[in-house]
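Asker: This is the structure I have questions about; it appears just below.
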Amino acid sequence: MGLSSLGIFHTIIGVTAIVDAIISYIKYAKINLAVTSGKIYAYSTIITSLTALGISKHGGFDAGHVFSIFILILIGAAYFMFSRKPGNNRNRYVENFLLSFSFFLSWVPTINETFTRVPLGHPLAKGPTDSIIGQTLLVLLVLFIAGSVLQFFKQKKINKTLDL
């Protein structure tokens, strides 16, 4: 199944979001909205989620659309936490979690779509219930949980140094 023009645009912007999230994780151990990579992640994710609402592989509203709406809510809430009371370090815990959760949720439809399309002609998975998709998402869930715990402790350390 080929991609529409909207699908191609959606994919390019989505890859941009993933790359910038990874850059931000490497540099800051979180998606940092105060720097360019974090901002690009947020804006690219918003565009990707909005364009996803115009794409439907099977016609009509589906689970991918629900993920897009939820991701938009998470990004909006994280931005609210970021912009509200910059000195309130307790907000950073919630902000970090919301952004990381949005990144994790973005992988669910990404893995499903990629594995059911690539390689062309002989995709890795036949459908969303294929075990390779479930196993990959399980690995990503473990990474998300471990990363969230590490972010919590890093933020706690940052907060202690700011409270001194």
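So you can find residues: chains in the structure tokens are A, B, ... in the order shown, residues in each start at 1, and ligands are numbered from 1 in order.
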Would you pick out the contacts of Ile12 of chain A at 12 Å or less, using only C-alpha atoms, so that residues sharing its chain but fewer than 6 positions from it are not included, and give the list as a list of chain:residue names?

Answerer: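 Contacts, in chain order: A:Leu3, A:Ser5, A:Leu6, A:Ile18, A:Val19, A:Ser44, A:Thr45, A:Ile47, A:Thr48, A:Thr51.
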
Asker: Could you write out the selected residues, including all heavy atoms, as a short mmCIF file (atom, residue, chain, number, x, y, z; two decimals), in the first residue's frame?

Answerer:
data_model
loop_
_atom_site.label_atom_id
_atom_site.label_comp_id
_atom_site.auth_asym_id
_atom_site.auth_seq_id
_atom_site.Cartn_x
_atom_site.Cartn_y
_atom_site.Cartn_z
N LEU A 3 1.82 5.47 -0.06
CA LEU A 3 1.49 6.59 0.80
C LEU A 3 0.93 7.74 -0.03
O LEU A 3 1.42 8.02 -1.12
CB LEU A 3 2.74 7.09 1.54
CG LEU A 3 3.35 6.17 2.58
CD1 LEU A 3 4.64 6.77 3.13
CD2 LEU A 3 2.38 5.91 3.72
N SER A 5 0.14 11.89 -0.52
CA SER A 5 0.99 13.07 -0.30
C SER A 5 0.95 13.47 1.18
O SER A 5 1.98 13.82 1.76
CB SER A 5 0.51 14.24 -1.16
OG SER A 5 0.66 13.93 -2.51
N LEU A 6 -0.24 13.42 1.78
CA LEU A 6 -0.36 13.73 3.20
C LEU A 6 0.42 12.72 4.03
O LEU A 6 1.09 13.08 5.00
CB LEU A 6 -1.84 13.76 3.64
CG LEU A 6 -2.10 14.09 5.11
CD1 LEU A 6 -1.56 15.48 5.46
CD2 LEU A 6 -3.58 13.99 5.42
N ILE A 18 11.01 12.39 15.88
CA ILE A 18 11.76 11.30 16.52
C ILE A 18 13.23 11.67 16.65
O ILE A 18 13.83 11.52 17.72
CB ILE A 18 11.58 9.99 15.73
CG1 ILE A 18 10.15 9.47 15.90
CG2 ILE A 18 12.60 8.94 16.16
CD1 ILE A 18 9.78 8.33 14.97
N VAL A 19 13.82 12.18 15.58
CA VAL A 19 15.24 12.55 15.60
C VAL A 19 15.50 13.62 16.65
O VAL A 19 16.45 13.52 17.44
CB VAL A 19 15.70 13.00 14.20
CG1 VAL A 19 17.08 13.66 14.25
CG2 VAL A 19 15.71 11.83 13.23
N SER A 44 6.85 19.43 15.78
CA SER A 44 6.74 18.35 14.79
C SER A 44 5.72 17.31 15.23
O SER A 44 4.97 16.77 14.40
CB SER A 44 8.10 17.68 14.58
OG SER A 44 9.03 18.57 14.06
N THR A 45 5.68 17.03 16.51
CA THR A 45 4.71 16.05 17.02
C THR A 45 3.29 16.58 16.89
O THR A 45 2.37 15.83 16.55
CB THR A 45 5.04 15.67 18.48
OG1 THR A 45 6.34 15.10 18.51
CG2 THR A 45 4.04 14.68 19.04
N ILE A 47 2.24 18.71 14.58
CA ILE A 47 1.91 18.61 13.14
C ILE A 47 1.66 17.17 12.74
O ILE A 47 0.70 16.87 12.03
CB ILE A 47 3.04 19.24 12.29
CG1 ILE A 47 3.11 20.75 12.53
CG2 ILE A 47 2.84 18.93 10.81
CD1 ILE A 47 4.36 21.41 11.98
N THR A 48 2.49 16.25 13.23
CA THR A 48 2.32 14.83 12.91
C THR A 48 0.98 14.31 13.42
O THR A 48 0.27 13.59 12.72
CB THR A 48 3.48 14.00 13.50
OG1 THR A 48 4.71 14.49 12.98
CG2 THR A 48 3.34 12.54 13.15
N THR A 51 -1.84 15.85 11.26
CA THR A 51 -1.93 15.24 9.93
C THR A 51 -2.42 13.79 10.01
O THR A 51 -3.07 13.31 9.09
CB THR A 51 -0.58 15.30 9.18
OG1 THR A 51 0.43 14.66 9.95
CG2 THR A 51 -0.20 16.73 8.86
#

Asker: Can you pull out every residue from segment 16-158 of chain A that DSSP, working from the backbone, puts in alpha helix (DSSP H), and format the result as a VMD selection string?

Answerer: chain A and resid 16 to 28 36 to 52 63 to 83 90 to 115 131 to 158

Asker: Any idea what's packed within 8 Å of Phe101 of chain A, counting only C-alpha atoms, ignoring anything in its chain fewer than 4 positions away? Could you give it as an MDAnalysis selection string?

Answerer: chainID A and resid 74 97 105 144
